[in-house]
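Data block below; observations after.
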Amino acid sequence: MALRACGLIIFRRCRPGTPAVTADGIEFLLLQTSYGENHWTPPKGHVDPGEDDMTTALRETKEEAGLDPDQIHIMEGFCKELKYTVRNKPKSVIYWLAELKNYDTPVNLSSEHQDFRWLGLEEACKYSVYEDLQDTLKAAHRFLLGHKMVQR
Ligand SMILES: Nc1nc2c(ncn2[C@@H]2O[C@H](COP(=O)(O)OP(=O)(O)OP(=O)(O)OP(=O)(O)OC[C@H]3O[C@@H](n4cnc5c(=O)[nH]c(N)nc54)[C@H](O)[C@@H]3O)[C@@H](O)[C@H]2O)c(=O)[nH]1
């Protein structure tokens, strides 16, 4: 059976009236593992037995980034599944998209990660290296640009 993991692509938008760090004001959160290849991904992790996918995504976001469900807003209509192979086993990762409500909310890492960055799309794609994750970030970015009118 395929390994299954779920997570959240967390983004934040610059505060109105302050200079944007990126051209469009959108920044994505990536975490760097403290083990293995020290790779960068959004917060995510394995689904525990009996756990539903969204519960996993929220739990891992809390454990890995220190962000509570009430500090983020899940964007309706965006969900992507990535399929890749880890140690010769198929793995499926489901990502939803979530906005950090307050730009200044601090990120608190667990021992599983050694660093984090808020990055514009171009930089986020450089850090994430995997083509499928890059495509997912680009899709999330396109989705957000289409949602400009409902910016909260
Ligand atoms: N010491 C040590 N310990 C480890 C290691 N490994 C795990 N632990 C322990 O496991 C716990 C983590 O548990 P959770 O948090 O529940 O799970 P996940 O978040 O799912 O975490 P993983 O890191 O297992 O899974 P991936 O991120 O999927 O990376 C696996 C490989 O897949 C590739 N890869 C990654 N992302 C993409 C992508 O988007 N696209 C593509 N195409 N490929 C991608 C890349 O080649 C990468 O090397 C930790 O606490 C550790 O104790 C390790 O090597 N050494």
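The chains in the structure tokens are called A, B, ... from first to last as shown; in each chain the residues are counted from 1, and the ligands are counted from 1 in the order shown.
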
With only C-alpha atoms and all ligand atoms counted and 6 Å as the cut-off, give the residues of chain A in contact with ligand 1, each with its shortest interatomic distance in Å and the pair that gives it, as a tab-separated table.
residue	atom	partner	partner_atom_place_in_ligand_line	distance
A:Ala5	CA	ligand 1	20 (O)	5.4
A:Tyr35	CA	ligand 1	55 (N)	4.8
A:Gly36	CA	ligand 1	54 (O)	3.6
A:Glu37	CA	ligand 1	48 (O)	5.6
A:Lys44	CA	ligand 1	19 (O)	4.7
A:Gly45	CA	ligand 1	16 (O)	3.5
A:His46	CA	ligand 1	16 (O)	3.9
A:Tyr84	CA	ligand 1	42 (N)	5.0
A:Val86	CA	ligand 1	32 (O)	5.1
A:Glu112	CA	ligand 1	50 (O)	5.1
A:Tyr130	CA	ligand 1	40 (N)	4.8
A:Asp132	CA	ligand 1	40 (N)	5.5
A:Leu133	CA	ligand 1	39 (O)	4.5

Would you save the residues of that selection, restricted to N, CA and C atoms, as a short mmCIF file (atom, residue, chain, number, x, y, z; two decimals), in the first residue's frame?
data_model
loop_
_atom_site.label_atom_id
_atom_site.label_comp_id
_atom_site.auth_asym_id
_atom_site.auth_seq_id
_atom_site.Cartn_x
_atom_site.Cartn_y
_atom_site.Cartn_z
N ALA A 5 0.60 10.85 3.02
CA ALA A 5 0.89 12.02 3.85
C ALA A 5 0.00 13.17 3.42
N TYR A 35 17.00 16.29 8.82
CA TYR A 35 17.52 14.94 8.57
C TYR A 35 17.58 14.72 7.06
N GLY A 36 18.13 13.58 6.68
CA GLY A 36 18.13 13.18 5.27
C GLY A 36 18.80 14.20 4.37
N GLU A 37 18.09 14.55 3.29
CA GLU A 37 18.66 15.47 2.29
C GLU A 37 18.50 16.94 2.67
N LYS A 44 3.88 18.97 6.37
CA LYS A 44 3.11 17.78 5.99
C LYS A 44 3.64 16.58 6.76
N GLY A 45 2.90 15.50 6.74
CA GLY A 45 3.40 14.29 7.40
C GLY A 45 2.45 13.12 7.22
N HIS A 46 2.88 12.00 7.75
CA HIS A 46 2.15 10.76 7.52
C HIS A 46 0.81 10.73 8.24
N TYR A 84 4.97 10.17 -5.60
CA TYR A 84 6.37 9.90 -5.90
C TYR A 84 6.82 8.67 -5.13
N VAL A 86 9.45 6.80 -2.49
CA VAL A 86 10.42 6.99 -1.41
C VAL A 86 10.91 5.61 -0.98
N GLU A 112 12.21 18.23 13.94
CA GLU A 112 12.24 17.62 12.59
C GLU A 112 12.76 18.60 11.53
N TYR A 130 11.82 19.73 -6.42
CA TYR A 130 11.06 18.67 -7.09
C TYR A 130 10.06 19.30 -8.05
N ASP A 132 7.29 18.21 -9.31
CA ASP A 132 5.87 18.10 -8.96
C ASP A 132 5.47 19.10 -7.87
N LEU A 133 6.39 19.34 -6.92
CA LEU A 133 6.09 20.33 -5.88
C LEU A 133 6.12 21.74 -6.47
#

### Best match for closeness to Ala139 of chain A among A:Pro106, A:Lys101, A:Ile9, A:Asn88, counting only C-alpha atoms
A:Ile9

### Query
Using only C-alpha atoms, which of A:Thr18, A:Arg117, A:Leu30, A:Leu137 sits nearest Trp96 of chain A?
A:Leu137

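The protein and nucleic acid residues lying at most 12 Å from Asp135 of chain A are Lys80, Glu81, Leu82, Leu121, Glu122, Ala124, Cys125, Lys126, Ser128, Val129, Tyr130, Glu131, Asp132, Leu133, Leu137, Lys138, Ala139, Ala140, His141 and Arg142 of chain A, with only C-alpha atoms considered and sequence neighbours fewer than 2 positions away removed.
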
Could the residues in this selection be written to a file with C-alpha atoms, as a compact mmCIF listing (two decimals), in the first residue's frame?
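What landed in part.txt:
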# COMPACT_ATOMS: atom_id res chain seq x y z
CA LYS A 80 -3.49 18.68 -5.11
CA GLU A 81 -2.12 15.17 -4.84
CA LEU A 82 1.56 14.43 -5.51
CA LEU A 121 6.90 31.89 -6.00
CA GLU A 122 10.18 32.01 -7.92
CA ALA A 124 9.98 28.87 -3.43
CA CYS A 125 10.37 26.88 -6.66
CA LYS A 126 14.16 27.09 -6.37
CA SER A 128 11.57 23.01 -3.46
CA VAL A 129 13.61 21.42 -6.32
CA TYR A 130 11.06 18.67 -7.09
CA GLU A 131 9.20 19.38 -10.31
CA ASP A 132 5.87 18.10 -8.96
CA LEU A 133 6.09 20.33 -5.88
CA LEU A 137 3.21 25.84 -5.88
CA LYS A 138 2.68 27.42 -9.31
CA ALA A 139 -0.89 26.08 -9.38
CA ALA A 140 -1.49 27.50 -5.89
CA HIS A 141 -0.13 30.87 -7.02
CA ARG A 142 -2.38 30.91 -10.12

### Message
Rounded to one decimal, what separation in Å do you get between atom CA of Leu144 of chain A and atom CA of Pro43 of chain A?
### Response
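Atom-to-atom, atom CA of Leu144 of chain A to atom CA of Pro43 of chain A, that is 19.0 Å.
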
### Message
With DSSP run on the backbone, what are the strand (DSSP E) residues within chain A? I'd like them as a ChimeraX atom specification.
### Response
/A:3-13,26-33,40-41,44-46,72-86,89-100,113-119

### Message
Show me, as number ranges by chain, the residues that have an atom within 9 Å of Trp118 of chain A when counting only C-alpha atoms, minus same-chain residues fewer than 4 positions from it.
### Response
A: 11-12, 27-30, 124

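Going from atom CA of Gly25 of chain A over to atom CA of Arg13 of chain A, you cover 5.3 Å.
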
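You can rank A:Thr55, A:Asn102, A:Arg87, A:Glu76 by their closest distance to Arg15 of chain A using only C-alpha atoms, and at the top of that list sits A:Asn102.
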
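Counting only C-alpha atoms and comparing A:Val47, A:Leu8, A:Leu119, A:Ile94, the residue that lies closest to Thr61 of chain A is A:Leu8.
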
### Message
I need the residues of chain A that end up classed as helix (DSSP H, G or I) by DSSP on the backbone, written out as a count of residues only.
### Response
42

### Query
Which one is closest to Cys79 of chain A: A:His113, A:Gly7, A:Gly146, A:Asp104? Count only C-alpha atoms.
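Closest to Cys79 of chain A, using only C-alpha atoms: A:Gly7.
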
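The space between atom CA of Lys83 of chain A and atom CA of Leu3 of chain A spans 9.7 Å.
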
### Message
I'd like the neighbourhood of Ser34 of chain A as a list in words, where a residue qualifies if any of its atoms comes within 9 Å (using only C-alpha atoms), though same-chain residues fewer than 4 positions away should be ignored.
### Response
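So, after excluding close chain neighbours, the residues are Asn38, His39, Ser111, Glu112, His113, Gln114 and Asp115 of chain A.
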